[in-house]
Amino acid sequence: MFGVYIRLLLFFCCLVYSGQISSQDSEENKGKETLFERLAGCTDLKVVLEGQIDSLIIMKMKPFETKGKMIFSSEESEFEIPVKISVRGKFRRRTCDFPPIALDFPKDDLKELGLKKDDNYKLVTICLDRRDAQNYLFREYLVYKMYQEVEPTGFGAVLFPIIYKDTDFRKNRRSFAVLLESNEELKDRLDGKWCDCMGLNMDSINDYYRELVTFFQYMIGNKDMNMHIEHNVRFLEGEQYVKKVPIPYDFDFSAFVRAPYAFTDQSVTFDRSPLVMGKNAEQLDKVLNLFLEKKERFFTIVEEFRLMSKKHKKQCLKFLRDFYKIIERPNFTTRYLEQRAF
């Protein structure tokens, strides 16, 4: 019996201590920005990533990690920070010549820079070693920007030129990359918590957000998302939300992006058909009106993006025009609701 009391006392002490630590961290973070927020506010941002880059690529199918550093420079400031670099992803890890990267920054170094301790980030890379590879990265970046335009619950994305400096072979690769807002800071920004929601049914998902996400995927021609098994989507929950909120990511298999490696899967076709977890007539009217309101803004996002080639920009604009031709038809709502879901 005495042992039970001791265990309960230790458990209570741990709760109090962890609460104190959490409170201290919260106080320390007050008024601070995250690394992502600092970079998003930079003008003319340039990045250098140093480490065993070639070894990382060669060992991409193994749990290889290299230590290095990142140097960030802009018109406002320049700073560097140590980082652990590893390969992430499943399909892209196998497929990409230059796979996507996970970045793990030391919390103490972030603190010294006056930043919050959000330390784990995803870096989206060019994937294939081909002449127009950057254009597909640009196209996926534009999808993130368009989703942020319709709904602030989307992941933020920062695009920048990057130099990969290999510390073993002393050679550089120049490209572009996209840094995504971290899971931790998105959760904090939206004042919610992540849900491990494998096997969700429609009734537990917020009706409006479910329709919004599936309609957005319809706009970009993406079938590579499944809310039921949490494939390329995560769920946020909190007191201020009615039911769970889906937050999509990874749009490379969409017809808008049209990544060349997506063609290797013969089950994927680049057309528009609704996903299974949508089709709510009441919410569709709200969502449809929102997308009609955002029409000009969507075209502006693509038209004003200067880095993309003319050919790729023309394809993106055509795909958007085709979408609006469809949804502006008088009988669109009826036909959409009757259309067979993928």
# chains A, B, ... in the order shown; residues from 1 in each chain; ligands from 1

$ residues_around --residues "Phe91 in chain A" --least-positions-apart "5" --cutoff "10 Å" --atoms "only C-alpha atoms" --output "number ranges by chain"
A: 96, 99, 261

$ write_last_selection --atoms "C-alpha atoms" --output "compact mmCIF listing (two decimals), in the first residue's frame"
# COMPACT_ATOMS: atom_id res chain seq x y z
CA CYS A 96 13.52 11.47 -56.44
CA PRO A 99 14.62 13.66 -52.22
CA TYR A 261 7.02 10.89 -61.69

$ residues_around --residues "range 111-117 of chain A" --least-positions-apart "4" --cutoff "6 Å" --atoms "only C-alpha atoms" --output "list in words"
Asn29, Lys32, Glu33, Thr34 and Lys107 of chain A

$ atom_distance --atom1 "CA of Val47 in chain A" --atom2 "CA of Ile71 in chain A"
5.6 Å

$ residues_around --residues "range 174-180 of chain A" --least-positions-apart "5" --cutoff "9 Å" --atoms "only C-alpha atoms" --output "count of residues only"
22

$ select_by_dssp --residues "range 105-140 of chain A" --states "helix (DSSP H, G or I)" --output "JSON, numbers by chain"
{"A": [107, 108, 109, 110, 111, 112, 133, 134, 135, 136, 137, 138, 139, 140]}

$ residues_around --residues "Met198 in chain A" --least-positions-apart "5" --cutoff "12 Å" --atoms "only C-alpha atoms" --output "list in words"
Ser204, Asn226, Met227, His228, Ile229, Glu230, His231, Val233, Arg234 and Phe235 of chain A

$ write_last_selection --atoms "C-alpha atoms" --output "mmCIF file, in the first residue's frame"
data_model
loop_
_atom_site.group_PDB
_atom_site.id
_atom_site.type_symbol
_atom_site.label_atom_id
_atom_site.label_comp_id
_atom_site.auth_asym_id
_atom_site.auth_seq_id
_atom_site.Cartn_x
_atom_site.Cartn_y
_atom_site.Cartn_z
ATOM 1 C CA SER A 204 -16.614 13.459 -37.098
ATOM 2 C CA ASN A 226 -7.808 10.274 -48.412
ATOM 3 C CA MET A 227 -9.304 11.626 -45.191
ATOM 4 C CA HIS A 228 -10.378 8.196 -43.967
ATOM 5 C CA ILE A 229 -6.793 6.908 -43.731
ATOM 6 C CA GLU A 230 -5.133 10.322 -43.212
ATOM 7 C CA HIS A 231 -3.255 10.180 -46.496
ATOM 8 C CA VAL A 233 -4.082 15.264 -44.814
ATOM 9 C CA ARG A 234 -3.959 15.885 -41.062
ATOM 10 C CA PHE A 235 -6.718 16.800 -38.631
#

$ select_by_dssp --residues "range 95-268 of chain A" --states "strand (DSSP E or B)" --output "PyMOL selection string"
chain A and resi 98+101-104+115+120-124+127+157-166+172-180+193-195+205+226+231+233-237+244-248

$ write_last_selection --atoms "N, CA and C atoms" --output "compact mmCIF listing (two decimals), in the first residue's frame"
# COMPACT_ATOMS: atom_id res chain seq x y z
N PHE A 98 16.81 13.91 -56.05
CA PHE A 98 17.13 14.75 -54.89
C PHE A 98 15.90 14.75 -53.99
N ILE A 101 13.74 16.81 -47.73
CA ILE A 101 14.64 16.80 -46.58
C ILE A 101 13.90 17.18 -45.30
N ALA A 102 14.32 16.57 -44.21
CA ALA A 102 13.85 16.96 -42.87
C ALA A 102 14.97 17.73 -42.19
N LEU A 103 14.61 18.82 -41.54
CA LEU A 103 15.57 19.68 -40.85
C LEU A 103 15.24 19.70 -39.36
N ASP A 104 16.26 19.50 -38.54
CA ASP A 104 16.08 19.50 -37.08
C ASP A 104 17.08 20.49 -36.48
N LEU A 115 14.34 33.26 -31.19
CA LEU A 115 13.23 32.59 -31.85
C LEU A 115 12.56 31.59 -30.92
N ASN A 120 11.53 21.46 -35.91
CA ASN A 120 11.46 20.46 -36.97
C ASN A 120 10.72 21.00 -38.20
N TYR A 121 11.40 20.97 -39.34
CA TYR A 121 10.83 21.54 -40.57
C TYR A 121 11.00 20.59 -41.74
N LYS A 122 10.12 20.76 -42.73
CA LYS A 122 10.20 20.02 -43.98
C LYS A 122 10.70 20.94 -45.09
N LEU A 123 11.67 20.46 -45.83
CA LEU A 123 12.18 21.18 -46.99
C LEU A 123 11.77 20.41 -48.24
N VAL A 124 11.01 21.07 -49.12
CA VAL A 124 10.58 20.46 -50.37
C VAL A 124 11.62 20.79 -51.43
N CYS A 127 13.33 17.33 -56.57
CA CYS A 127 13.03 15.92 -56.86
C CYS A 127 13.85 15.38 -58.02
N ALA A 157 4.12 28.43 -46.67
CA ALA A 157 5.25 27.97 -47.48
C ALA A 157 6.11 29.16 -47.88
N VAL A 158 7.43 28.99 -47.77
CA VAL A 158 8.38 30.02 -48.17
C VAL A 158 9.29 29.44 -49.24
N LEU A 159 9.38 30.12 -50.38
CA LEU A 159 10.22 29.70 -51.49
C LEU A 159 11.50 30.54 -51.50
N PHE A 160 12.64 29.91 -51.77
CA PHE A 160 13.89 30.67 -51.84
C PHE A 160 14.92 29.95 -52.69
N PRO A 161 15.89 30.68 -53.27
CA PRO A 161 17.02 30.04 -53.93
C PRO A 161 17.92 29.43 -52.86
N ILE A 162 18.51 28.29 -53.16
CA ILE A 162 19.33 27.60 -52.17
C ILE A 162 20.59 27.05 -52.83
N ILE A 163 21.67 27.09 -52.09
CA ILE A 163 22.92 26.45 -52.49
C ILE A 163 23.17 25.29 -51.53
N TYR A 164 23.29 24.08 -52.07
CA TYR A 164 23.64 22.91 -51.27
C TYR A 164 25.16 22.75 -51.37
N LYS A 165 25.84 22.92 -50.24
CA LYS A 165 27.31 22.82 -50.22
C LYS A 165 27.71 21.50 -49.58
N ASP A 166 28.29 20.63 -50.39
CA ASP A 166 28.72 19.34 -49.87
C ASP A 166 30.07 19.50 -49.18
N ASN A 172 29.09 22.38 -55.10
CA ASN A 172 27.84 23.08 -54.82
C ASN A 172 26.76 22.71 -55.84
N ARG A 173 25.52 22.68 -55.36
CA ARG A 173 24.36 22.55 -56.23
C ARG A 173 23.49 23.77 -56.00
N ARG A 174 23.06 24.40 -57.06
CA ARG A 174 22.18 25.57 -56.94
C ARG A 174 20.77 25.19 -57.40
N SER A 175 19.80 25.59 -56.62
CA SER A 175 18.42 25.24 -56.97
C SER A 175 17.47 26.18 -56.22
N PHE A 176 16.22 25.75 -56.13
CA PHE A 176 15.22 26.41 -55.28
C PHE A 176 14.67 25.36 -54.32
N ALA A 177 14.12 25.81 -53.23
CA ALA A 177 13.49 24.90 -52.26
C ALA A 177 12.34 25.64 -51.60
N VAL A 178 11.45 24.85 -50.99
CA VAL A 178 10.31 25.41 -50.26
C VAL A 178 10.36 24.91 -48.82
N LEU A 179 10.35 25.82 -47.88
CA LEU A 179 10.26 25.47 -46.46
C LEU A 179 8.80 25.56 -46.04
N LEU A 180 8.29 24.47 -45.45
CA LEU A 180 6.91 24.46 -44.99
C LEU A 180 6.83 24.82 -43.52
N LYS A 193 -4.98 21.34 -31.47
CA LYS A 193 -4.06 20.22 -31.26
C LYS A 193 -4.29 19.20 -32.35
N TRP A 194 -3.22 18.47 -32.69
CA TRP A 194 -3.30 17.47 -33.74
C TRP A 194 -4.03 16.23 -33.24
N CYS A 195 -4.76 15.62 -34.14
CA CYS A 195 -5.52 14.43 -33.82
C CYS A 195 -4.95 13.24 -34.59
N ILE A 205 -15.96 14.89 -38.99
CA ILE A 205 -15.22 15.95 -39.66
C ILE A 205 -16.13 17.16 -39.86
N ASN A 226 -6.73 11.09 -48.97
CA ASN A 226 -7.81 10.27 -48.41
C ASN A 226 -7.97 10.60 -46.94
N HIS A 231 -4.29 10.14 -45.46
CA HIS A 231 -3.26 10.18 -46.50
C HIS A 231 -3.17 11.59 -47.08
N VAL A 233 -3.21 14.34 -45.55
CA VAL A 233 -4.08 15.26 -44.81
C VAL A 233 -3.94 14.98 -43.32
N ARG A 234 -3.97 16.04 -42.51
CA ARG A 234 -3.96 15.89 -41.06
C ARG A 234 -5.19 16.57 -40.50
N PHE A 235 -5.51 16.24 -39.25
CA PHE A 235 -6.72 16.80 -38.63
C PHE A 235 -6.37 17.56 -37.36
N LEU A 236 -6.95 18.74 -37.27
CA LEU A 236 -6.78 19.60 -36.10
C LEU A 236 -8.09 19.64 -35.33
N GLU A 237 -7.99 19.67 -34.02
CA GLU A 237 -9.18 19.80 -33.20
C GLU A 237 -8.93 20.81 -32.10
N LYS A 244 -13.65 18.05 -36.35
CA LYS A 244 -12.24 18.07 -36.73
C LYS A 244 -12.03 18.77 -38.07
N VAL A 245 -10.92 19.49 -38.16
CA VAL A 245 -10.62 20.29 -39.34
C VAL A 245 -9.52 19.61 -40.17
N PRO A 246 -9.80 19.23 -41.42
CA PRO A 246 -8.77 18.63 -42.27
C PRO A 246 -7.82 19.69 -42.83
N ILE A 247 -6.53 19.37 -42.83
CA ILE A 247 -5.51 20.28 -43.36
C ILE A 247 -4.66 19.50 -44.37
N PRO A 248 -4.81 19.79 -45.67
CA PRO A 248 -4.13 19.01 -46.71
C PRO A 248 -2.68 19.45 -46.94

$ closest_atom_pairs --of "range 131-175 of chain A" --to "range 284-297 of chain A" --cutoff "12 Å" --atoms "only C-alpha atoms" --output "CSV"
residue,atom,partner,partner_atom,distance
A:Lys145,CA,A:Arg297,CA,10.6
A:Met146,CA,A:Arg297,CA,8.5
A:Tyr147,CA,A:Phe291,CA,10.6
A:Gln148,CA,A:Lys294,CA,11.4
A:Glu149,CA,A:Lys294,CA,7.8
A:Val150,CA,A:Lys294,CA,7.3
A:Glu151,CA,A:Leu290,CA,10.0

$ atom_distance --atom1 "CA of Ile53 in chain A" --atom2 "CA of Ile85 in chain A"
8.7 Å

$ residues_around --residues "Glu80 in chain A" --least-positions-apart "3" --cutoff "8 Å" --atoms "only C-alpha atoms" --output "list in words"
Lys69, Met70, Ile71 and Phe72 of chain A

$ write_last_selection --atoms "N, CA and C atoms" --output "short mmCIF file (atom, residue, chain, number, x, y, z; two decimals), in the first residue's frame"
data_model
loop_
_atom_site.label_atom_id
_atom_site.label_comp_id
_atom_site.auth_asym_id
_atom_site.auth_seq_id
_atom_site.Cartn_x
_atom_site.Cartn_y
_atom_site.Cartn_z
N LYS A 69 24.95 23.00 -41.31
CA LYS A 69 24.46 24.31 -40.90
C LYS A 69 23.71 24.95 -42.05
N MET A 70 22.82 25.88 -41.70
CA MET A 70 22.10 26.66 -42.69
C MET A 70 22.43 28.13 -42.48
N ILE A 71 22.67 28.80 -43.59
CA ILE A 71 22.98 30.23 -43.56
C ILE A 71 21.85 30.96 -44.28
N PHE A 72 21.22 31.87 -43.60
CA PHE A 72 20.11 32.65 -44.16
C PHE A 72 20.55 34.10 -44.33
#

$ closest_residue --among "A:Lys62, A:Lys313, A:Lys90, A:Lys279" --to "Leu337 in chain A" --atoms "only C-alpha atoms"
A:Lys279

$ atom_distance --atom1 "CA of Phe64 in chain A" --atom2 "CA of Gly51 in chain A"
12.2 Å
